[in-house]
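Q: Dropping in input_8.cif, which is mmCIF, C-alpha atoms and all ligand atoms:
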data_work
loop_
_atom_site.group_PDB
_atom_site.id
_atom_site.type_symbol
_atom_site.label_atom_id
_atom_site.label_comp_id
_atom_site.auth_asym_id
_atom_site.auth_seq_id
_atom_site.Cartn_x
_atom_site.Cartn_y
_atom_site.Cartn_z
ATOM 1 C CA MET X 1 74.453 137.626 116.801
ATOM 2 C CA LYS X 2 77.421 135.354 117.592
ATOM 3 C CA SER X 3 75.213 132.243 117.576
ATOM 4 C CA LYS X 4 73.735 133.266 114.180
ATOM 5 C CA VAL X 5 77.263 133.496 112.737
ATOM 6 C CA GLY X 6 78.030 130.093 114.303
ATOM 7 C CA ILE X 7 74.922 128.561 112.684
ATOM 8 C CA LEU X 8 75.852 130.094 109.304
ATOM 9 C CA TRP X 9 79.386 128.658 109.517
ATOM 10 C CA GLY X 10 77.999 125.271 110.579
ATOM 11 C CA LEU X 11 75.686 125.290 107.557
ATOM 12 C CA ILE X 12 78.529 126.208 105.183
ATOM 13 C CA VAL X 13 80.720 123.389 106.572
ATOM 14 C CA VAL X 14 77.912 120.784 106.313
ATOM 15 C CA LEU X 15 77.045 121.843 102.725
ATOM 16 C CA THR X 16 80.719 121.873 101.677
ATOM 17 C CA LEU X 17 81.417 118.443 103.153
ATOM 18 C CA GLY X 18 78.146 117.113 101.698
ATOM 19 C CA ALA X 19 78.993 118.354 98.183
ATOM 20 C CA ALA X 20 82.609 117.103 98.333
ATOM 21 C CA GLY X 21 81.574 113.761 99.904
ATOM 22 C CA PHE X 22 78.902 113.239 97.228
ATOM 23 C CA ALA X 23 81.510 113.922 94.515
ATOM 24 C CA VAL X 24 84.087 111.537 96.016
ATOM 25 C CA ALA X 25 81.686 108.654 96.872
ATOM 26 C CA PRO X 26 81.866 106.761 93.495
ATOM 27 C CA TYR X 27 85.662 106.583 93.821
ATOM 28 C CA LEU X 28 85.767 104.937 97.263
ATOM 29 C CA THR X 29 85.647 101.373 95.883
ATOM 30 C CA PHE X 30 88.365 101.885 93.215
ATOM 31 C CA ASP X 31 85.938 100.434 90.656
ATOM 32 C CA SER X 32 86.538 102.258 87.365
ATOM 33 C CA SER X 33 83.085 101.292 86.043
ATOM 34 C CA LEU X 34 81.568 103.654 88.671
ATOM 35 C CA SER X 35 83.629 106.638 87.469
ATOM 36 C CA ARG X 36 81.540 109.621 86.388
ATOM 37 C CA VAL X 37 84.517 110.806 84.348
ATOM 38 C CA ASP X 38 84.906 109.090 80.945
ATOM 39 C CA ILE X 39 88.124 107.084 81.221
ATOM 40 C CA HIS X 40 90.407 107.371 78.182
ATOM 41 C CA PRO X 41 90.997 103.773 76.951
ATOM 42 C CA SER X 42 94.292 104.598 75.208
ATOM 43 C CA PHE X 43 95.825 106.080 78.396
ATOM 44 C CA PRO X 44 95.873 103.329 81.111
ATOM 45 C CA PRO X 45 97.164 105.647 83.926
ATOM 46 C CA HIS X 46 94.075 107.869 83.491
ATOM 47 C CA TYR X 47 91.963 106.178 86.197
ATOM 48 C CA PRO X 48 94.830 105.743 88.755
ATOM 49 C CA LEU X 49 95.807 109.405 88.263
ATOM 50 C CA LEU X 50 92.181 110.473 88.694
ATOM 51 C CA LEU X 51 92.036 108.502 91.980
ATOM 52 C CA VAL X 52 95.285 110.086 93.245
ATOM 53 C CA HIS X 53 93.901 113.498 92.265
ATOM 54 C CA ILE X 54 90.584 112.941 94.038
ATOM 55 C CA TRP X 55 92.112 111.582 97.257
ATOM 56 C CA CYS X 56 94.850 114.206 97.584
ATOM 57 C CA SER X 57 92.443 117.067 96.764
ATOM 58 C CA PHE X 58 89.766 115.742 99.131
ATOM 59 C CA LEU X 59 92.269 115.401 102.006
ATOM 60 C CA ALA X 60 93.548 118.941 101.291
ATOM 61 C CA LEU X 61 89.956 120.187 101.543
ATOM 62 C CA LEU X 62 89.436 118.266 104.817
ATOM 63 C CA ILE X 63 92.547 119.551 106.623
ATOM 64 C CA GLY X 64 92.930 122.997 105.002
ATOM 65 C CA TRP X 65 90.420 124.840 107.211
ATOM 66 C CA LEU X 66 92.408 123.884 110.362
ATOM 67 C CA GLN X 67 95.135 126.286 109.258
ATOM 68 C CA PHE X 68 92.710 129.211 109.660
ATOM 69 C CA VAL X 69 91.760 128.442 113.288
ATOM 70 C CA PRO X 70 93.465 131.382 115.084
ATOM 71 C CA GLY X 71 93.872 129.635 118.471
ATOM 72 C CA LEU X 72 95.623 126.629 116.947
ATOM 73 C CA ARG X 73 97.857 128.783 114.754
ATOM 74 C CA LYS X 74 98.990 130.968 117.657
ATOM 75 C CA ARG X 75 99.316 128.350 120.415
ATOM 76 C CA ARG X 76 100.702 125.454 118.368
ATOM 77 C CA ALA X 77 102.854 126.923 115.604
ATOM 78 C CA ASP X 78 104.547 123.495 115.248
ATOM 79 C CA ILE X 79 101.208 121.838 114.352
ATOM 80 C CA HIS X 80 100.393 124.713 111.971
ATOM 81 C CA ARG X 81 103.754 124.142 110.217
ATOM 82 C CA LEU X 82 103.315 120.353 110.047
ATOM 83 C CA PHE X 83 99.735 120.536 108.703
ATOM 84 C CA GLY X 84 100.810 123.334 106.359
ATOM 85 C CA ARG X 85 103.477 121.105 104.812
ATOM 86 C CA ILE X 86 101.056 118.169 104.497
ATOM 87 C CA TYR X 87 98.401 120.478 102.968
ATOM 88 C CA LEU X 88 100.843 121.951 100.439
ATOM 89 C CA GLY X 89 102.125 118.450 99.528
ATOM 90 C CA LEU X 90 98.526 117.324 98.900
ATOM 91 C CA VAL X 91 97.823 120.433 96.806
ATOM 92 C CA ALA X 92 101.009 119.859 94.752
ATOM 93 C CA VAL X 93 100.088 116.222 93.966
ATOM 94 C CA GLY X 94 96.328 116.972 93.603
ATOM 95 C CA GLY X 95 97.070 119.958 91.344
ATOM 96 C CA LEU X 96 99.589 118.209 89.071
ATOM 97 C CA THR X 97 97.363 115.134 88.663
ATOM 98 C CA GLY X 98 94.368 117.494 88.160
ATOM 99 C CA LEU X 99 96.233 119.210 85.306
ATOM 100 C CA THR X 100 97.096 115.814 83.776
ATOM 101 C CA VAL X 101 93.548 114.397 83.890
ATOM 102 C CA GLY X 102 92.304 117.821 82.786
ATOM 103 C CA MET X 103 94.057 117.247 79.440
ATOM 104 C CA PHE X 104 91.613 114.364 78.859
ATOM 105 C CA ALA X 105 88.405 116.268 79.676
ATOM 106 C CA THR X 106 86.017 115.677 76.790
ATOM 107 C CA SER X 107 84.672 119.245 76.711
ATOM 108 C CA TYR X 108 87.001 122.127 75.817
ATOM 109 C CA VAL X 109 85.119 124.597 78.065
ATOM 110 C CA ARG X 110 85.520 122.260 81.087
ATOM 111 C CA GLN X 111 89.093 121.472 80.127
ATOM 112 C CA MET X 112 90.030 125.169 80.169
ATOM 113 C CA ALA X 113 88.229 125.611 83.513
ATOM 114 C CA PHE X 114 90.216 122.717 85.053
ATOM 115 C CA LEU X 115 93.508 123.947 83.609
ATOM 116 C CA THR X 116 92.905 127.518 84.853
ATOM 117 C CA LEU X 117 91.846 126.238 88.275
ATOM 118 C CA GLY X 118 94.822 123.852 88.477
ATOM 119 C CA PHE X 119 97.282 126.567 87.523
ATOM 120 C CA LEU X 120 95.808 129.043 90.066
ATOM 121 C CA TRP X 121 95.790 126.329 92.748
ATOM 122 C CA LEU X 122 99.490 125.557 92.255
ATOM 123 C CA PHE X 123 100.490 129.213 91.804
ATOM 124 C CA THR X 124 98.762 130.453 94.988
ATOM 125 C CA ALA X 125 100.217 127.478 96.936
ATOM 126 C CA TRP X 126 103.716 128.334 95.703
ATOM 127 C CA LYS X 127 103.289 132.031 96.623
ATOM 128 C CA GLY X 128 101.950 131.079 100.080
ATOM 129 C CA TYR X 129 104.877 128.726 100.669
ATOM 130 C CA ARG X 130 107.507 131.265 99.552
ATOM 131 C CA LYS X 131 106.045 134.052 101.742
ATOM 132 C CA ALA X 132 106.136 131.729 104.779
ATOM 133 C CA ARG X 133 109.755 130.762 104.054
ATOM 134 C CA LEU X 134 110.653 134.469 103.811
ATOM 135 C CA GLY X 135 108.902 135.140 107.146
ATOM 136 C CA ARG X 136 106.360 137.490 105.512
ATOM 137 C CA PHE X 137 103.419 135.994 107.387
ATOM 138 C CA ASP X 138 100.804 138.652 106.528
ATOM 139 C CA GLU X 139 101.346 138.018 102.827
ATOM 140 C CA HIS X 140 101.520 134.261 103.498
ATOM 141 C CA ALA X 141 98.026 134.442 105.060
ATOM 142 C CA VAL X 142 96.657 136.362 102.046
ATOM 143 C CA TRP X 143 97.988 133.813 99.519
ATOM 144 C CA MET X 144 96.715 130.911 101.599
ATOM 145 C CA ILE X 145 93.211 132.465 101.745
ATOM 146 C CA ARG X 146 93.322 132.653 97.939
ATOM 147 C CA ASN X 147 94.643 129.096 97.739
ATOM 148 C CA TYR X 148 91.991 127.565 100.016
ATOM 149 C CA SER X 149 89.289 129.412 98.091
ATOM 150 C CA MET X 150 90.507 127.469 95.007
ATOM 151 C CA THR X 151 90.383 124.179 96.981
ATOM 152 C CA LEU X 152 86.750 124.966 97.804
ATOM 153 C CA VAL X 153 85.769 125.349 94.125
ATOM 154 C CA ALA X 154 85.249 121.540 94.093
ATOM 155 C CA ALA X 155 82.342 122.101 96.520
ATOM 156 C CA SER X 156 81.058 125.534 95.445
ATOM 157 C CA ALA X 157 80.836 124.535 91.749
ATOM 158 C CA ARG X 158 78.506 121.705 92.783
ATOM 159 C CA LEU X 159 76.537 123.778 95.294
ATOM 160 C CA LEU X 160 75.924 126.477 92.666
ATOM 161 C CA THR X 161 74.623 123.936 90.125
ATOM 162 C CA PRO X 162 70.926 124.239 91.184
ATOM 163 C CA LEU X 163 71.164 128.054 90.829
ATOM 164 C CA CYS X 164 72.726 127.640 87.361
ATOM 165 C CA ILE X 165 69.853 125.290 86.400
ATOM 166 C CA LEU X 166 67.270 127.854 87.561
ATOM 167 C CA ILE X 167 68.976 130.645 85.598
ATOM 168 C CA TYR X 168 69.123 128.411 82.504
ATOM 169 C CA LEU X 169 65.408 127.606 82.798
ATOM 170 C CA ALA X 170 64.523 131.269 83.416
ATOM 171 C CA GLY X 171 66.368 132.183 80.237
ATOM 172 C CA HIS X 172 64.643 129.438 78.213
ATOM 173 C CA GLY X 173 61.032 130.036 79.196
ATOM 174 C CA GLY X 174 61.117 127.331 81.893
ATOM 175 C CA GLN X 175 61.684 124.452 79.473
ATOM 176 C CA SER X 176 64.296 122.702 77.400
ATOM 177 C CA SER X 177 63.695 120.659 74.250
ATOM 178 C CA GLY X 178 66.124 117.906 75.326
ATOM 179 C CA GLY X 179 64.709 117.473 78.855
ATOM 180 C CA VAL X 180 66.618 117.366 82.145
ATOM 181 C CA ALA X 181 69.715 115.710 80.593
ATOM 182 C CA ALA X 182 70.109 118.527 78.062
ATOM 183 C CA VAL X 183 69.833 121.212 80.769
ATOM 184 C CA LEU X 184 72.397 119.417 82.969
ATOM 185 C CA LYS X 185 74.785 119.044 80.030
ATOM 186 C CA GLN X 186 74.733 122.819 79.469
ATOM 187 C CA VAL X 187 75.048 123.632 83.159
ATOM 188 C CA LEU X 188 77.943 121.211 83.754
ATOM 189 C CA GLU X 189 79.857 122.963 80.981
ATOM 190 C CA ILE X 190 80.086 126.141 83.023
ATOM 191 C CA ASN X 191 79.642 125.302 86.727
ATOM 192 C CA ILE X 192 83.426 125.115 87.371
ATOM 193 C CA TRP X 193 83.841 128.618 85.862
ATOM 194 C CA VAL X 194 80.985 129.955 88.018
ATOM 195 C CA GLY X 195 82.461 128.392 91.194
ATOM 196 C CA LEU X 196 85.910 129.717 90.319
ATOM 197 C CA ALA X 197 84.664 133.298 89.779
ATOM 198 C CA ALA X 198 82.508 133.267 92.933
ATOM 199 C CA ASN X 199 85.299 131.904 95.146
ATOM 200 C CA LEU X 200 87.873 134.373 93.789
ATOM 201 C CA VAL X 201 85.589 137.306 94.601
ATOM 202 C CA ILE X 202 84.810 135.951 98.093
ATOM 203 C CA ALA X 203 88.548 135.395 98.761
ATOM 204 C CA GLU X 204 89.408 138.975 97.727
ATOM 205 C CA TRP X 205 86.543 140.250 99.890
ATOM 206 C CA VAL X 206 87.957 138.344 102.909
ATOM 207 C CA VAL X 207 91.465 139.673 102.159
ATOM 208 C CA LEU X 208 90.181 143.278 101.929
ATOM 209 C CA SER X 209 88.235 142.995 105.196
ATOM 210 C CA ARG X 210 91.396 141.744 106.962
ATOM 211 C CA PHE X 211 93.360 144.620 105.430
ATOM 212 C CA LYS X 212 90.741 147.173 106.597
ATOM 213 C CA ARG X 213 90.770 145.708 110.133
ATOM 214 C CA THR X 214 94.575 145.897 110.297
ATOM 215 C CA PHE X 215 94.731 149.554 109.202
ATOM 216 C CA LYS X 216 91.698 150.879 111.141
HETATM 217 C C1 LIG W 1 91.474 122.963 92.762
HETATM 218 C C2 LIG W 1 92.021 122.313 91.766
HETATM 219 C C3 LIG W 1 91.396 121.142 91.060
HETATM 220 C C4 LIG W 1 91.555 120.822 89.746
HETATM 221 C C5 LIG W 1 92.386 121.563 88.742
HETATM 222 C C6 LIG W 1 90.783 119.648 89.480
HETATM 223 C C7 LIG W 1 90.713 118.998 88.267
HETATM 224 C C8 LIG W 1 89.924 117.899 87.994
HETATM 225 C C9 LIG W 1 89.779 117.272 86.716
HETATM 226 C C10 LIG W 1 90.460 117.696 85.437
HETATM 227 C C11 LIG W 1 88.902 116.263 86.843
HETATM 228 C C12 LIG W 1 88.415 115.325 85.706
HETATM 229 C C13 LIG W 1 87.129 115.907 85.136
HETATM 230 C C14 LIG W 1 86.735 115.397 83.764
HETATM 231 O O1 LIG W 1 87.552 114.799 83.053
HETATM 232 O O2 LIG W 1 85.547 115.655 83.392
HETATM 233 C C15 LIG W 1 88.484 116.234 88.209
HETATM 234 C C16 LIG W 1 87.590 115.350 88.722
HETATM 235 C C17 LIG W 1 87.288 115.269 90.057
HETATM 236 N N1 LIG W 1 87.826 116.014 91.083
HETATM 237 FE FE1 LIG W 1 89.052 117.598 90.874
HETATM 238 N N2 LIG W 1 90.147 119.277 90.637
HETATM 239 C C18 LIG W 1 90.515 120.150 91.644
HETATM 240 C C19 LIG W 1 90.131 120.109 92.968
HETATM 241 C C20 LIG W 1 89.413 119.094 93.535
HETATM 242 C C21 LIG W 1 89.091 118.999 94.941
HETATM 243 C C22 LIG W 1 89.533 119.991 96.043
HETATM 244 C C23 LIG W 1 88.355 117.891 95.110
HETATM 245 C C24 LIG W 1 87.805 117.430 96.425
HETATM 246 C C25 LIG W 1 86.677 116.916 96.623
HETATM 247 C C26 LIG W 1 88.200 117.262 93.785
HETATM 248 C C27 LIG W 1 87.490 116.118 93.519
HETATM 249 C C28 LIG W 1 87.237 115.633 92.254
HETATM 250 C C29 LIG W 1 86.295 114.567 91.964
HETATM 251 C C30 LIG W 1 85.431 113.825 92.979
HETATM 252 C C31 LIG W 1 86.324 114.354 90.596
HETATM 253 C C32 LIG W 1 85.469 113.369 89.799
HETATM 254 C C33 LIG W 1 84.314 114.214 89.235
HETATM 255 C C34 LIG W 1 83.083 113.448 88.836
HETATM 256 O O3 LIG W 1 82.919 112.305 89.261
HETATM 257 O O4 LIG W 1 82.260 114.034 88.110
HETATM 258 N N3 LIG W 1 88.872 118.016 92.869
HETATM 259 N N4 LIG W 1 89.116 117.233 88.901
#
Please express what this file holds, its structure, as structure tokens.
A:
Amino acid sequence: MKSKVGILWGLIVVLTLGAAGFAVAPYLTFDSSLSRVDIHPSFPPHYPLLLVHIWCSFLALLIGWLQFVPGLRKRRADIHRLFGRIYLGLVAVGGLTGLTVGMFATSYVRQMAFLTLGFLWLFTAWKGYRKARLGRFDEHAVWMIRNYSMTLVAASARLLTPLCILIYLAGHGGQSSGGVAAVLKQVLEINIWVGLAANLVIAEWVVLSRFKRTFK
């Protein structure tokens, strides 16, 4: 049973890193012509801000999971504190730049998804930080579970895209008049919302299971 859980976790980590790595790849060379996001010509800081957003958010995703490793948290509280501060700094910069570039998103539905996600990301980080400062570590853990679930939307929104495509095709008799591009356009309008909803539910599920274990 334990090895099955291990395999499942391994699969989740590989898929998450694969989806996030695939998303970040075009921004590794700092060449704005490779950007998948339409860069606003009348706002020169758009591309630099997008790069800062992508790098800070990606690093937050890469180090965030370490904070949930129980052995590390218990044995090396100093490392947990140091990584926690770095993580929260990355979320603050990634979130604020995410909100700024979100104002330039060409679609209103995507724009609202990014703004909602950005606000929830910053809000849950702030709550997590305050609870830690007040020494209320149970509540700190709950807010940080919620916060990391928002960090993971960058991966889950992409991983859920094939499912969204299948549901779209099922609802349209298996075809679309505009071809693959038209289907993708529709799906990319809503995939952030789908990832956001799924991750929020999973986070609350994890929080409730912890709560049940504590009060058993
Ligand atoms: C959780 C809060 C986040 C918010 C509010 C946010 C917001 C945004 C916004 C507004 C854009 C521009 C999209 C557009 O104009 O169409 C964007 C793009 C991007 N973000 Fe984030 N993001 C978040 C988290 C992350 C994370 C954790 C990563 C880590 C991999 C990430 C990686 C990217 C990448 C790679 C792009 C470029 C997308 C593309 O090429 O299609 N973001 N994000």
Q: Which protein, DNA or RNA residues have an atom within 8 Å of ligand LIG 1 (chain W), counting only C-alpha atoms and all ligand atoms, as an mmCIF file with C-alpha atoms, in the frame of the given file?
A:
data_model
loop_
_atom_site.group_PDB
_atom_site.id
_atom_site.type_symbol
_atom_site.label_atom_id
_atom_site.label_comp_id
_atom_site.auth_asym_id
_atom_site.auth_seq_id
_atom_site.Cartn_x
_atom_site.Cartn_y
_atom_site.Cartn_z
ATOM 1 C CA ALA X 19 78.993 118.354 98.183
ATOM 2 C CA ALA X 20 82.609 117.103 98.333
ATOM 3 C CA GLY X 21 81.574 113.761 99.904
ATOM 4 C CA PHE X 22 78.902 113.239 97.228
ATOM 5 C CA ALA X 23 81.510 113.922 94.515
ATOM 6 C CA VAL X 24 84.087 111.537 96.016
ATOM 7 C CA ALA X 25 81.686 108.654 96.872
ATOM 8 C CA PRO X 26 81.866 106.761 93.495
ATOM 9 C CA TYR X 27 85.662 106.583 93.821
ATOM 10 C CA SER X 35 83.629 106.638 87.469
ATOM 11 C CA ARG X 36 81.540 109.621 86.388
ATOM 12 C CA VAL X 37 84.517 110.806 84.348
ATOM 13 C CA ASP X 38 84.906 109.090 80.945
ATOM 14 C CA ILE X 39 88.124 107.084 81.221
ATOM 15 C CA LEU X 50 92.181 110.473 88.694
ATOM 16 C CA HIS X 53 93.901 113.498 92.265
ATOM 17 C CA ILE X 54 90.584 112.941 94.038
ATOM 18 C CA TRP X 55 92.112 111.582 97.257
ATOM 19 C CA CYS X 56 94.850 114.206 97.584
ATOM 20 C CA SER X 57 92.443 117.067 96.764
ATOM 21 C CA PHE X 58 89.766 115.742 99.131
ATOM 22 C CA LEU X 59 92.269 115.401 102.006
ATOM 23 C CA ALA X 60 93.548 118.941 101.291
ATOM 24 C CA LEU X 61 89.956 120.187 101.543
ATOM 25 C CA VAL X 91 97.823 120.433 96.806
ATOM 26 C CA GLY X 94 96.328 116.972 93.603
ATOM 27 C CA GLY X 95 97.070 119.958 91.344
ATOM 28 C CA LEU X 96 99.589 118.209 89.071
ATOM 29 C CA THR X 97 97.363 115.134 88.663
ATOM 30 C CA GLY X 98 94.368 117.494 88.160
ATOM 31 C CA LEU X 99 96.233 119.210 85.306
ATOM 32 C CA THR X 100 97.096 115.814 83.776
ATOM 33 C CA VAL X 101 93.548 114.397 83.890
ATOM 34 C CA GLY X 102 92.304 117.821 82.786
ATOM 35 C CA MET X 103 94.057 117.247 79.440
ATOM 36 C CA PHE X 104 91.613 114.364 78.859
ATOM 37 C CA ALA X 105 88.405 116.268 79.676
ATOM 38 C CA THR X 106 86.017 115.677 76.790
ATOM 39 C CA SER X 107 84.672 119.245 76.711
ATOM 40 C CA ARG X 110 85.520 122.260 81.087
ATOM 41 C CA GLN X 111 89.093 121.472 80.127
ATOM 42 C CA ALA X 113 88.229 125.611 83.513
ATOM 43 C CA PHE X 114 90.216 122.717 85.053
ATOM 44 C CA LEU X 115 93.508 123.947 83.609
ATOM 45 C CA THR X 116 92.905 127.518 84.853
ATOM 46 C CA LEU X 117 91.846 126.238 88.275
ATOM 47 C CA GLY X 118 94.822 123.852 88.477
ATOM 48 C CA PHE X 119 97.282 126.567 87.523
ATOM 49 C CA LEU X 120 95.808 129.043 90.066
ATOM 50 C CA TRP X 121 95.790 126.329 92.748
ATOM 51 C CA MET X 150 90.507 127.469 95.007
ATOM 52 C CA THR X 151 90.383 124.179 96.981
ATOM 53 C CA LEU X 152 86.750 124.966 97.804
ATOM 54 C CA VAL X 153 85.769 125.349 94.125
ATOM 55 C CA ALA X 154 85.249 121.540 94.093
ATOM 56 C CA ALA X 155 82.342 122.101 96.520
#
Q: Could you give me, as a PDB file with C-alpha atoms, in the frame of the given file, the residues within 12 Å of segment 128-141 of chain X, counting all atoms listed in the file and dropping anything in the same chain fewer than 3 positions from it?
A:
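The result, stored in out_25.pdb:
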ATOM      1  CA  GLN X  67      95.135 126.286 109.258  1.00  0.00           C
ATOM      2  CA  PHE X  68      92.710 129.211 109.660  1.00  0.00           C
ATOM      3  CA  VAL X  69      91.760 128.442 113.288  1.00  0.00           C
ATOM      4  CA  PRO X  70      93.465 131.382 115.084  1.00  0.00           C
ATOM      5  CA  ARG X  73      97.857 128.783 114.754  1.00  0.00           C
ATOM      6  CA  HIS X  80     100.393 124.713 111.971  1.00  0.00           C
ATOM      7  CA  ARG X  81     103.754 124.142 110.217  1.00  0.00           C
ATOM      8  CA  GLY X  84     100.810 123.334 106.359  1.00  0.00           C
ATOM      9  CA  ARG X  85     103.477 121.105 104.812  1.00  0.00           C
ATOM     10  CA  ILE X  86     101.056 118.169 104.497  1.00  0.00           C
ATOM     11  CA  TYR X  87      98.401 120.478 102.968  1.00  0.00           C
ATOM     12  CA  LEU X  88     100.843 121.951 100.439  1.00  0.00           C
ATOM     13  CA  GLY X  89     102.125 118.450  99.528  1.00  0.00           C
ATOM     14  CA  VAL X  91      97.823 120.433  96.806  1.00  0.00           C
ATOM     15  CA  ALA X  92     101.009 119.859  94.752  1.00  0.00           C
ATOM     16  CA  LEU X 120      95.808 129.043  90.066  1.00  0.00           C
ATOM     17  CA  TRP X 121      95.790 126.329  92.748  1.00  0.00           C
ATOM     18  CA  LEU X 122      99.490 125.557  92.255  1.00  0.00           C
ATOM     19  CA  PHE X 123     100.490 129.213  91.804  1.00  0.00           C
ATOM     20  CA  THR X 124      98.762 130.453  94.988  1.00  0.00           C
ATOM     21  CA  ALA X 125     100.217 127.478  96.936  1.00  0.00           C
ATOM     22  CA  MET X 144      96.715 130.911 101.599  1.00  0.00           C
ATOM     23  CA  ILE X 145      93.211 132.465 101.745  1.00  0.00           C
ATOM     24  CA  ARG X 146      93.322 132.653  97.939  1.00  0.00           C
ATOM     25  CA  ASN X 147      94.643 129.096  97.739  1.00  0.00           C
ATOM     26  CA  TYR X 148      91.991 127.565 100.016  1.00  0.00           C
ATOM     27  CA  ALA X 203      88.548 135.395  98.761  1.00  0.00           C
ATOM     28  CA  VAL X 206      87.957 138.344 102.909  1.00  0.00           C
ATOM     29  CA  VAL X 207      91.465 139.673 102.159  1.00  0.00           C
ATOM     30  CA  ARG X 210      91.396 141.744 106.962  1.00  0.00           C
ATOM     31  CA  PHE X 211      93.360 144.620 105.430  1.00  0.00           C
ATOM     32  CA  THR X 214      94.575 145.897 110.297  1.00  0.00           C
TER      33      THR X 214
END
Q: Between atom CA of Gly64 of chain X and atom CA of Tyr108 of chain X, measure the distance and give it in Å to one decimal.
A: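 Between atom CA of Gly64 of chain X and atom CA of Tyr108 of chain X the gap is 29.8 Å.
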Q: Work out how far atom CA of Arg158 of chain X is from atom CA of Ser209 of chain X, in Å to one decimal.
A: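 Calculated distance between atom CA of Ser209 of chain X and atom CA of Arg158 of chain X is 26.5 Å.
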Q: When you draw a straight line from atom CA of Val109 of chain X to atom CA of Glu189 of chain X, how long is it in Å?
A: 6.2 Å
Q: May I have the residues within 9 Å of segment 160-162 of chain X as a list in words, using all atoms listed in the file and disregarding those fewer than 5 positions away in the same chain?
A: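 What passes the distance filter is Ala155, Ile167, Leu184, Val187, Leu188, Asn191, Val194 and Gly195 of chain X.
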Q: Using only C-alpha atoms, please write the residues we just selected to a file, as a PDB file, keeping the file's coordinate frame.
A:
ATOM      1  CA  ALA X 155      82.342 122.101  96.520  1.00  0.00           C
ATOM      2  CA  ILE X 167      68.976 130.645  85.598  1.00  0.00           C
ATOM      3  CA  LEU X 184      72.397 119.417  82.969  1.00  0.00           C
ATOM      4  CA  VAL X 187      75.048 123.632  83.159  1.00  0.00           C
ATOM      5  CA  LEU X 188      77.943 121.211  83.754  1.00  0.00           C
ATOM      6  CA  ASN X 191      79.642 125.302  86.727  1.00  0.00           C
ATOM      7  CA  VAL X 194      80.985 129.955  88.018  1.00  0.00           C
ATOM      8  CA  GLY X 195      82.461 128.392  91.194  1.00  0.00           C
TER       9      GLY X 195
END
Q: Which residue out of X:Trp193, X:Gly18, X:Phe83, X:Arg213 has the minimum interatomic distance to Ile63 of chain X when all atoms listed in the file are used?
A: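 Among the listed residues, the smallest separation from Ile63 of chain X belongs to X:Phe83.
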Q: Which one is closest to Ser156 of chain X: X:Val5, X:Leu82, X:Lys127, X:Leu15? Count only C-alpha atoms.
A: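 Looking only at the distances to Ser156 of chain X, the closest residue turns out to be X:Leu15.
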Q: Find the residue from X:Tyr47, X:Ala198, X:Ile12, X:Lys74 that sits nearest to Ser33 of chain X; use only C-alpha atoms when measuring.
A: X:Tyr47
Q: From the options X:Ile202, X:Leu208, X:Leu163, X:Leu51, which residue's atoms come nearest to Thr29 of chain X, counting all atoms listed in the file?
A: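 Of X:Ile202, X:Leu208, X:Leu163, X:Leu51, the one nearest Thr29 of chain X, counting all atoms listed in the file, is X:Leu51.
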Q: X:Ile79, X:Leu49, X:Leu11, X:Met112: which is nearest Leu196 of chain X, counting only C-alpha atoms?
A: X:Met112
